[in-house]
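First up is the structure itself, then whatever we jot down about it.
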Amino acid sequence: MVSPYFGIPVEKWADKTKELIEQHPLDVNEIYEIVMSVWEEIFESSITSRGYKIGKDIFPSPQIIGSLLHELIPLELSSKYPQVWRREQNTTEKDLVYIPDDSFSVEIKTSSSPRDFFGNRSYAQKSTTGKTKKSKSGYYLIINFEKIEKKTKQTDNLLLTNPKIKLVRFGWIDQEDWQGQTSATGQQAKLSVDVKRYKLLELPLSN
C-alpha cells in the first residue's frame with residue numbers, strides 16, 4: 001500500500017490530512033459526539049443487580065476503560081448504521097470495519113496520558129512469517145482520557161465529578177510512522193512530533 005503522503009513534504013501534511021478526512025464516509029464531528037456519548041454512558045450505566053457504578057463503586061484500570069471504548073464505539077456505529085459499519089471479527093481487521101470499502105476502516109487507540117499514546121512494538125515491525133496481520137496503515141481515532149481516581153467519601157463541601165475525555169483526534173497514520181523502542185526489552189512503538197501534529201486533527205473541527 002502506497003502512503004497517501006508519499007512525495008508530500010512535511011509542511012503539506014496537514015492539507016493532505018484534511019483531504020483524507022473529507023473523503024471519509026463518517027462526519028468527524030459525529031465521531032466526536034459518539035465518543036462523548038459513549039464516555040458519559042460508561043459512568044451513567046449500572047452494573048449487576050446492585051447497581052454498581054464505574055467511578056463511584058468500582059475503579060477500573062485505564063486498560064479496562066480503553067477496552068470498553070474499543071467495544072462500545074464500534075457497537076454504537078454498527079447499531080446506527082447496520083450493514084455499513086461493524087466491529088472487528090478477526091485479528092486481521094481494524095477495530096471499526098467499513099463494510100463497503102475496508103480502506104475506510106478505523107483503528108482505535110486510547111490512552112490515559114494527557115496527549116500521548118503508543119502502539120505495541122509490533123506496530124513498528126513487518127511480518128517475517130508471511131502471515132497476514134492487521135494493517136497498521138490507515139485511519140486512526142485517538143482518545144485521551146483522565147484516569148479514574150478512587151475518591152474519598154463525598155462530603156457536603158465536595159462535589160465528585162467523573163473523569164473527562166481530554167483529547168479526541170482523527171486522521172491517518174502509516175506503518176512506517178511507528179518507531180519501535182531501541183531497547184531489546186522495549187514493548188512500545190511511538191510516533192514523531194510531526195506525525196502527531198500534522199497527520200491527526202483534533203476534534204471537534206471548528207467551522
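Lettering and numbering for the C-alpha cells are positional, with chains as A, B, ... in the shown order, residues counted from 1 in each chain, and ligands counted from 1 in the shown order.
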
Do you know which residues are at most 7 Å from segment 130-144 of chain A counting only C-alpha atoms, after dropping those on the same chain fewer than 3 positions away, and could you put them as a PyMOL selection string?
-> chain A and resi 91-94+104-115+123+127+165-175

Now that the selection is made, can you save its residues with N, CA and C atoms as a PDB file, in the first residue's frame?
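Result went into out-v6.pdb, see below:
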ATOM      1  N   THR A  91      -8.475 -10.981  13.881  1.00  0.00           N
ATOM      2  CA  THR A  91      -7.288 -10.184  14.195  1.00  0.00           C
ATOM      3  C   THR A  91      -6.686  -9.470  12.987  1.00  0.00           C
ATOM      4  N   THR A  92      -7.188  -9.745  11.793  1.00  0.00           N
ATOM      5  CA  THR A  92      -6.655  -9.066  10.612  1.00  0.00           C
ATOM      6  C   THR A  92      -7.431  -7.789  10.296  1.00  0.00           C
ATOM      7  N   GLU A  93      -8.486  -7.520  11.070  1.00  0.00           N
ATOM      8  CA  GLU A  93      -9.334  -6.365  10.783  1.00  0.00           C
ATOM      9  C   GLU A  93      -9.079  -5.215  11.755  1.00  0.00           C
ATOM     10  N   LYS A  94      -9.405  -4.011  11.290  1.00  0.00           N
ATOM     11  CA  LYS A  94      -9.349  -2.837  12.162  1.00  0.00           C
ATOM     12  C   LYS A  94     -10.467  -2.929  13.196  1.00  0.00           C
ATOM     13  N   PHE A 104     -11.516   2.428   4.410  1.00  0.00           N
ATOM     14  CA  PHE A 104     -12.046   3.443   5.319  1.00  0.00           C
ATOM     15  C   PHE A 104     -12.234   2.912   6.735  1.00  0.00           C
ATOM     16  N   SER A 105     -11.851   1.673   6.993  1.00  0.00           N
ATOM     17  CA  SER A 105     -11.932   1.117   8.341  1.00  0.00           C
ATOM     18  C   SER A 105     -11.014   1.896   9.286  1.00  0.00           C
ATOM     19  N   VAL A 106     -11.318   1.852  10.572  1.00  0.00           N
ATOM     20  CA  VAL A 106     -10.648   2.717  11.546  1.00  0.00           C
ATOM     21  C   VAL A 106     -10.050   1.904  12.693  1.00  0.00           C
ATOM     22  N   GLU A 107      -8.813   2.221  13.023  1.00  0.00           N
ATOM     23  CA  GLU A 107      -8.171   1.664  14.213  1.00  0.00           C
ATOM     24  C   GLU A 107      -8.364   2.651  15.361  1.00  0.00           C
ATOM     25  N   ILE A 108      -8.709   2.131  16.542  1.00  0.00           N
ATOM     26  CA  ILE A 108      -8.941   2.981  17.706  1.00  0.00           C
ATOM     27  C   ILE A 108      -7.797   2.807  18.702  1.00  0.00           C
ATOM     28  N   LYS A 109      -7.222   3.920  19.141  1.00  0.00           N
ATOM     29  CA  LYS A 109      -6.178   3.895  20.164  1.00  0.00           C
ATOM     30  C   LYS A 109      -6.627   4.775  21.329  1.00  0.00           C
ATOM     31  N   THR A 110      -6.449   4.276  22.550  1.00  0.00           N
ATOM     32  CA  THR A 110      -6.824   5.035  23.737  1.00  0.00           C
ATOM     33  C   THR A 110      -5.640   5.137  24.689  1.00  0.00           C
ATOM     34  N   SER A 111      -5.660   6.192  25.509  1.00  0.00           N
ATOM     35  CA  SER A 111      -4.564   6.387  26.452  1.00  0.00           C
ATOM     36  C   SER A 111      -5.030   7.274  27.598  1.00  0.00           C
ATOM     37  N   SER A 112      -4.509   7.003  28.792  1.00  0.00           N
ATOM     38  CA  SER A 112      -4.786   7.867  29.940  1.00  0.00           C
ATOM     39  C   SER A 112      -3.735   8.970  30.071  1.00  0.00           C
ATOM     40  N   SER A 113      -2.815   9.040  29.115  1.00  0.00           N
ATOM     41  CA  SER A 113      -1.880  10.157  29.056  1.00  0.00           C
ATOM     42  C   SER A 113      -2.642  11.395  28.576  1.00  0.00           C
ATOM     43  N   PRO A 114      -2.271  12.585  29.030  1.00  0.00           N
ATOM     44  CA  PRO A 114      -2.991  13.792  28.600  1.00  0.00           C
ATOM     45  C   PRO A 114      -2.984  13.999  27.087  1.00  0.00           C
ATOM     46  N   ARG A 115      -1.850  13.673  26.419  1.00  0.00           N
ATOM     47  CA  ARG A 115      -1.776  13.902  24.980  1.00  0.00           C
ATOM     48  C   ARG A 115      -1.109  12.763  24.213  1.00  0.00           C
ATOM     49  N   TYR A 123       3.754  -2.769  16.033  1.00  0.00           N
ATOM     50  CA  TYR A 123       3.345  -1.742  15.084  1.00  0.00           C
ATOM     51  C   TYR A 123       4.514  -1.282  14.223  1.00  0.00           C
ATOM     52  N   SER A 127       5.870  -8.257   9.180  1.00  0.00           N
ATOM     53  CA  SER A 127       5.797  -9.703   9.359  1.00  0.00           C
ATOM     54  C   SER A 127       6.953 -10.390   8.643  1.00  0.00           C
ATOM     55  N   ILE A 165     -12.875  13.167  29.021  1.00  0.00           N
ATOM     56  CA  ILE A 165     -12.107  12.997  27.795  1.00  0.00           C
ATOM     57  C   ILE A 165     -11.245  14.237  27.623  1.00  0.00           C
ATOM     58  N   LYS A 166      -9.952  14.049  27.492  1.00  0.00           N
ATOM     59  CA  LYS A 166      -9.051  15.184  27.362  1.00  0.00           C
ATOM     60  C   LYS A 166      -8.820  15.602  25.915  1.00  0.00           C
ATOM     61  N   LEU A 167      -8.832  14.622  24.996  1.00  0.00           N
ATOM     62  CA  LEU A 167      -8.474  14.926  23.614  1.00  0.00           C
ATOM     63  C   LEU A 167      -8.997  13.827  22.703  1.00  0.00           C
ATOM     64  N   VAL A 168      -9.593  14.231  21.581  1.00  0.00           N
ATOM     65  CA  VAL A 168     -10.036  13.291  20.550  1.00  0.00           C
ATOM     66  C   VAL A 168      -9.422  13.735  19.231  1.00  0.00           C
ATOM     67  N   ARG A 169      -8.732  12.809  18.551  1.00  0.00           N
ATOM     68  CA  ARG A 169      -8.098  13.134  17.270  1.00  0.00           C
ATOM     69  C   ARG A 169      -8.441  12.070  16.233  1.00  0.00           C
ATOM     70  N   PHE A 170      -8.446  12.510  14.974  1.00  0.00           N
ATOM     71  CA  PHE A 170      -8.756  11.611  13.882  1.00  0.00           C
ATOM     72  C   PHE A 170      -7.847  11.949  12.713  1.00  0.00           C
ATOM     73  N   GLY A 171      -7.384  10.905  12.012  1.00  0.00           N
ATOM     74  CA  GLY A 171      -6.506  11.148  10.874  1.00  0.00           C
ATOM     75  C   GLY A 171      -5.964   9.856  10.312  1.00  0.00           C
ATOM     76  N   TRP A 172      -4.792   9.951   9.726  1.00  0.00           N
ATOM     77  CA  TRP A 172      -4.176   8.825   9.028  1.00  0.00           C
ATOM     78  C   TRP A 172      -2.752   8.620   9.537  1.00  0.00           C
ATOM     79  N   ILE A 173      -2.395   7.367   9.815  1.00  0.00           N
ATOM     80  CA  ILE A 173      -1.034   7.023  10.210  1.00  0.00           C
ATOM     81  C   ILE A 173      -0.565   5.866   9.336  1.00  0.00           C
ATOM     82  N   ASP A 174       0.669   5.949   8.848  1.00  0.00           N
ATOM     83  CA  ASP A 174       1.275   4.872   8.072  1.00  0.00           C
ATOM     84  C   ASP A 174       2.098   3.977   8.984  1.00  0.00           C
ATOM     85  N   GLN A 175       2.220   2.711   8.637  1.00  0.00           N
ATOM     86  CA  GLN A 175       3.011   1.798   9.454  1.00  0.00           C
ATOM     87  C   GLN A 175       4.435   2.310   9.624  1.00  0.00           C
TER      88      GLN A 175
END

Write out as an mmCIF file with N, CA and C atoms, in the first residue's frame each polymer residue whose atoms come within 8 Å of Trp85 of chain A, counting only C-alpha atoms; drop sequence neighbours fewer than 3 positions from it.
data_model
loop_
_atom_site.group_PDB
_atom_site.id
_atom_site.type_symbol
_atom_site.label_atom_id
_atom_site.label_comp_id
_atom_site.auth_asym_id
_atom_site.auth_seq_id
_atom_site.Cartn_x
_atom_site.Cartn_y
_atom_site.Cartn_z
ATOM 1 N N PRO A 74 -17.507 1.049 18.207
ATOM 2 C CA PRO A 74 -17.961 0.294 17.031
ATOM 3 C C PRO A 74 -19.391 -0.236 17.178
ATOM 4 N N LEU A 77 -21.850 2.549 16.345
ATOM 5 C CA LEU A 77 -21.909 2.837 14.912
ATOM 6 C C LEU A 77 -22.568 1.703 14.136
ATOM 7 N N SER A 78 -22.299 0.463 14.539
ATOM 8 C CA SER A 78 -22.927 -0.659 13.844
ATOM 9 C C SER A 78 -24.422 -0.706 14.116
ATOM 10 N N TYR A 81 -25.719 2.342 11.949
ATOM 11 C CA TYR A 81 -25.586 2.127 10.508
ATOM 12 C C TYR A 81 -25.352 0.645 10.209
ATOM 13 N N PRO A 82 -26.372 -0.192 10.405
ATOM 14 C CA PRO A 82 -26.202 -1.636 10.141
ATOM 15 C C PRO A 82 -25.917 -1.881 8.663
ATOM 16 N N LEU A 96 -12.893 -0.858 13.865
ATOM 17 C CA LEU A 96 -14.163 -0.438 13.291
ATOM 18 C C LEU A 96 -14.090 -0.667 11.790
ATOM 19 N N VAL A 97 -14.912 -1.575 11.283
ATOM 20 C CA VAL A 97 -14.825 -2.009 9.885
ATOM 21 C C VAL A 97 -15.912 -1.337 9.047
ATOM 22 N N TYR A 98 -15.485 -0.710 7.937
ATOM 23 C CA TYR A 98 -16.425 -0.148 6.966
ATOM 24 C C TYR A 98 -16.669 -1.212 5.904
ATOM 25 N N ILE A 99 -17.843 -1.790 5.924
ATOM 26 C CA ILE A 99 -18.137 -2.962 5.106
ATOM 27 C C ILE A 99 -18.006 -2.704 3.607
#

From a DSSP calculation on the backbone, collect every residue of segment 21-194 of chain A in strand (DSSP E) and output the set as a PyMOL selection string.
-> chain A and resi 85-87+96-98+106-111+119-120+138-145+165-173+179-180+188-190

Filtering to C-alpha atoms, could you give me those residues as a JSON list (two decimals), in the first residue's frame?
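Saved as part-v1.json:
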[["chain", "number", "residue", "atom", "x", "y", "z"],
["A", 85, "TRP", "CA", -20.23, -0.42, 9.92],
["A", 86, "ARG", "CA", -19.41, -3.34, 12.21],
["A", 87, "ARG", "CA", -16.97, -4.41, 14.89],
["A", 96, "LEU", "CA", -14.16, -0.44, 13.29],
["A", 97, "VAL", "CA", -14.83, -2.01, 9.89],
["A", 98, "TYR", "CA", -16.42, -0.15, 6.97],
["A", 106, "VAL", "CA", -10.65, 2.72, 11.55],
["A", 107, "GLU", "CA", -8.17, 1.66, 14.21],
["A", 108, "ILE", "CA", -8.94, 2.98, 17.71],
["A", 109, "LYS", "CA", -6.18, 3.90, 20.16],
["A", 110, "THR", "CA", -6.82, 5.03, 23.74],
["A", 111, "SER", "CA", -4.56, 6.39, 26.45],
["A", 119, "GLY", "CA", 1.24, 1.18, 19.89],
["A", 120, "ASN", "CA", 2.82, -2.08, 20.92],
["A", 138, "GLY", "CA", -4.89, 3.77, 7.65],
["A", 139, "TYR", "CA", -7.40, 5.86, 9.55],
["A", 140, "TYR", "CA", -6.96, 6.22, 13.31],
["A", 141, "LEU", "CA", -9.22, 7.51, 16.08],
["A", 142, "ILE", "CA", -7.18, 8.56, 19.11],
["A", 143, "ILE", "CA", -8.82, 9.16, 22.51],
["A", 144, "ASN", "CA", -7.02, 10.52, 25.57],
["A", 145, "PHE", "CA", -8.89, 10.39, 28.86],
["A", 165, "ILE", "CA", -12.11, 13.00, 27.79],
["A", 166, "LYS", "CA", -9.05, 15.18, 27.36],
["A", 167, "LEU", "CA", -8.47, 14.93, 23.61],
["A", 168, "VAL", "CA", -10.04, 13.29, 20.55],
["A", 169, "ARG", "CA", -8.10, 13.13, 17.27],
["A", 170, "PHE", "CA", -8.76, 11.61, 13.88],
["A", 171, "GLY", "CA", -6.51, 11.15, 10.87],
["A", 172, "TRP", "CA", -4.18, 8.83, 9.03],
["A", 173, "ILE", "CA", -1.03, 7.02, 10.21],
["A", 179, "GLN", "CA", 9.06, 3.88, 15.71],
["A", 180, "GLY", "CA", 9.90, 0.89, 17.92],
["A", 188, "GLN", "CA", 6.16, 0.19, 22.77],
["A", 189, "ALA", "CA", 6.07, 1.96, 19.43],
["A", 190, "LYS", "CA", 5.69, 5.73, 19.25]]

DSSP-assigned helix (DSSP H, G or I) among segment 15-80 of chain A, expressed as number ranges by chain | A: 15-23, 28-44, 62-80

A:Pro100, A:Gly55, A:Pro60, A:Pro25: which is nearest Lys164 of chain A, counting only C-alpha atoms?
-> A:Gly55

Counting only C-alpha atoms, what is within 9 Å of Phe59 of chain A, bar same-chain residues fewer than 6 positions away, as number ranges by chain?
-> A: 53, 148-150

Limited to all heavy atoms, could you put the picked residues into a file as an mmCIF file, in the first residue's frame?
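After the write, again_18.cif holds the following:
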data_model
loop_
_atom_site.group_PDB
_atom_site.id
_atom_site.type_symbol
_atom_site.label_atom_id
_atom_site.label_comp_id
_atom_site.auth_asym_id
_atom_site.auth_seq_id
_atom_site.Cartn_x
_atom_site.Cartn_y
_atom_site.Cartn_z
ATOM 1 N N LYS A 53 -21.718 1.448 40.069
ATOM 2 C CA LYS A 53 -21.354 2.399 39.024
ATOM 3 C C LYS A 53 -19.844 2.586 38.960
ATOM 4 O O LYS A 53 -19.161 2.622 39.992
ATOM 5 C CB LYS A 53 -22.032 3.757 39.264
ATOM 6 C CG LYS A 53 -23.543 3.736 39.019
ATOM 7 C CD LYS A 53 -24.135 5.127 39.142
ATOM 8 C CE LYS A 53 -25.635 5.118 38.829
ATOM 9 N NZ LYS A 53 -25.883 4.830 37.401
ATOM 10 N N ILE A 148 -9.371 7.117 36.207
ATOM 11 C CA ILE A 148 -10.397 7.076 37.247
ATOM 12 C C ILE A 148 -9.695 6.970 38.596
ATOM 13 O O ILE A 148 -9.006 5.989 38.866
ATOM 14 C CB ILE A 148 -11.346 5.878 37.052
ATOM 15 C CG1 ILE A 148 -12.037 5.977 35.695
ATOM 16 C CG2 ILE A 148 -12.377 5.830 38.175
ATOM 17 C CD1 ILE A 148 -12.937 4.795 35.399
ATOM 18 N N GLU A 149 -9.840 7.992 39.407
ATOM 19 C CA GLU A 149 -9.201 8.000 40.714
ATOM 20 C C GLU A 149 -10.207 7.548 41.771
ATOM 21 O O GLU A 149 -11.372 7.945 41.736
ATOM 22 C CB GLU A 149 -8.696 9.408 41.052
ATOM 23 C CG GLU A 149 -7.696 9.981 40.039
ATOM 24 C CD GLU A 149 -6.369 9.251 40.052
ATOM 25 O OE1 GLU A 149 -6.137 8.456 40.995
ATOM 26 O OE2 GLU A 149 -5.564 9.472 39.142
ATOM 27 N N LYS A 150 -9.752 6.715 42.681
ATOM 28 C CA LYS A 150 -10.610 6.281 43.772
ATOM 29 C C LYS A 150 -10.828 7.448 44.715
ATOM 30 O O LYS A 150 -9.876 8.033 45.234
ATOM 31 C CB LYS A 150 -9.987 5.101 44.514
ATOM 32 C CG LYS A 150 -10.945 4.410 45.454
ATOM 33 C CD LYS A 150 -10.386 3.078 45.941
ATOM 34 C CE LYS A 150 -11.408 2.336 46.776
ATOM 35 N NZ LYS A 150 -10.900 1.023 47.225
#

Closest to Asp116 of chain A among A:Leu203, A:Leu72, A:Ile21, A:Val193, using only C-alpha atoms?
->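 The shortest atom-to-atom distance to Asp116 of chain A comes from A:Val193.
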
Selected residue, from A:Thr17, A:Pro4, A:Thr161, A:Asp95, that lies nearest to Leu201 of chain A when counting only C-alpha atoms | A:Thr17

Pick out the residues sitting within 8 Å of segment 41-43 of chain A, and hand them over as number ranges by chain; count only C-alpha atoms, and ignore anything fewer than 2 positions along from it in its own chain.
-> A: 37-39, 45, 53-55, 162

Close residues, Asp15 of chain A itself excluded, 12 Å, only C-alpha atoms, min 2 positions apart in chain, as a PDB file with N, CA and C atoms, in the first residue's frame:
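Result went into out11.pdb, see below:
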ATOM      1  N   PRO A   4      -0.583   7.752   1.202  1.00  0.00           N
ATOM      2  CA  PRO A   4      -1.151   8.937   0.553  1.00  0.00           C
ATOM      3  C   PRO A   4      -0.282  10.172   0.732  1.00  0.00           C
ATOM      4  N   TYR A   5       0.697  10.086   1.643  1.00  0.00           N
ATOM      5  CA  TYR A   5       1.612  11.201   1.883  1.00  0.00           C
ATOM      6  C   TYR A   5       2.902  11.073   1.077  1.00  0.00           C
ATOM      7  N   ILE A   8       4.987  14.006  -0.494  1.00  0.00           N
ATOM      8  CA  ILE A   8       4.472  15.284   0.009  1.00  0.00           C
ATOM      9  C   ILE A   8       5.364  15.772   1.152  1.00  0.00           C
ATOM     10  N   PRO A   9       5.869  16.999   1.096  1.00  0.00           N
ATOM     11  CA  PRO A   9       6.719  17.499   2.189  1.00  0.00           C
ATOM     12  C   PRO A   9       5.937  17.659   3.481  1.00  0.00           C
ATOM     13  N   VAL A  10       6.652  17.605   4.583  1.00  0.00           N
ATOM     14  CA  VAL A  10       6.023  17.651   5.904  1.00  0.00           C
ATOM     15  C   VAL A  10       5.113  18.870   6.052  1.00  0.00           C
ATOM     16  N   GLU A  11       5.533  20.009   5.526  1.00  0.00           N
ATOM     17  CA  GLU A  11       4.745  21.224   5.703  1.00  0.00           C
ATOM     18  C   GLU A  11       3.394  21.168   4.976  1.00  0.00           C
ATOM     19  N   LYS A  12       3.207  20.161   4.110  1.00  0.00           N
ATOM     20  CA  LYS A  12       1.939  19.998   3.390  1.00  0.00           C
ATOM     21  C   LYS A  12       1.107  18.830   3.934  1.00  0.00           C
ATOM     22  N   TRP A  13       1.610  18.166   4.970  1.00  0.00           N
ATOM     23  CA  TRP A  13       0.896  17.008   5.510  1.00  0.00           C
ATOM     24  C   TRP A  13      -0.487  17.378   6.036  1.00  0.00           C
ATOM     25  N   THR A  17      -4.039  15.612   5.235  1.00  0.00           N
ATOM     26  CA  THR A  17      -4.865  15.021   6.284  1.00  0.00           C
ATOM     27  C   THR A  17      -6.298  15.519   6.186  1.00  0.00           C
ATOM     28  N   LYS A  18      -6.483  16.804   5.975  1.00  0.00           N
ATOM     29  CA  LYS A  18      -7.828  17.361   5.827  1.00  0.00           C
ATOM     30  C   LYS A  18      -8.532  16.737   4.629  1.00  0.00           C
ATOM     31  N   GLU A  19      -7.795  16.538   3.555  1.00  0.00           N
ATOM     32  CA  GLU A  19      -8.373  15.909   2.355  1.00  0.00           C
ATOM     33  C   GLU A  19      -8.812  14.481   2.646  1.00  0.00           C
ATOM     34  N   LEU A  20      -7.986  13.727   3.349  1.00  0.00           N
ATOM     35  CA  LEU A  20      -8.329  12.340   3.693  1.00  0.00           C
ATOM     36  C   LEU A  20      -9.556  12.286   4.597  1.00  0.00           C
ATOM     37  N   ILE A  21      -9.644  13.214   5.538  1.00  0.00           N
ATOM     38  CA  ILE A  21     -10.778  13.252   6.453  1.00  0.00           C
ATOM     39  C   ILE A  21     -12.062  13.599   5.704  1.00  0.00           C
ATOM     40  N   GLU A  22     -11.959  14.510   4.748  1.00  0.00           N
ATOM     41  CA  GLU A  22     -13.138  14.877   3.953  1.00  0.00           C
ATOM     42  C   GLU A  22     -13.625  13.706   3.106  1.00  0.00           C
ATOM     43  N   GLY A 171      -7.384  10.905  12.012  1.00  0.00           N
ATOM     44  CA  GLY A 171      -6.506  11.148  10.874  1.00  0.00           C
ATOM     45  C   GLY A 171      -5.964   9.856  10.312  1.00  0.00           C
ATOM     46  N   ARG A 197       1.319  15.919  14.967  1.00  0.00           N
ATOM     47  CA  ARG A 197       0.863  17.297  14.743  1.00  0.00           C
ATOM     48  C   ARG A 197       0.124  17.464  13.430  1.00  0.00           C
ATOM     49  N   TYR A 198       0.610  16.794  12.367  1.00  0.00           N
ATOM     50  CA  TYR A 198       0.092  17.069  11.030  1.00  0.00           C
ATOM     51  C   TYR A 198      -0.759  15.957  10.423  1.00  0.00           C
ATOM     52  N   LYS A 199      -0.690  14.750  10.980  1.00  0.00           N
ATOM     53  CA  LYS A 199      -1.479  13.654  10.425  1.00  0.00           C
ATOM     54  C   LYS A 199      -2.732  13.341  11.248  1.00  0.00           C
ATOM     55  N   LEU A 200      -2.889  14.017  12.363  1.00  0.00           N
ATOM     56  CA  LEU A 200      -4.063  13.834  13.212  1.00  0.00           C
ATOM     57  C   LEU A 200      -4.673  15.201  13.502  1.00  0.00           C
ATOM     58  N   LEU A 201      -5.968  15.326  13.302  1.00  0.00           N
ATOM     59  CA  LEU A 201      -6.671  16.578  13.572  1.00  0.00           C
ATOM     60  C   LEU A 201      -7.500  16.439  14.829  1.00  0.00           C
TER      61      LEU A 201
END

So, counting only C-alpha atoms, which residue among A:Asp101, A:Asp57, A:Glu40, A:Asp194 is closest to Leu69 of chain A?
->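 Looking only at the distances to Leu69 of chain A, the closest residue turns out to be A:Glu40.
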
What does the distance from atom CA of Phe6 of chain A to atom CA of Glu176 of chain A come to in Å, to one decimal?
->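 A separation of 11.3 Å between them.
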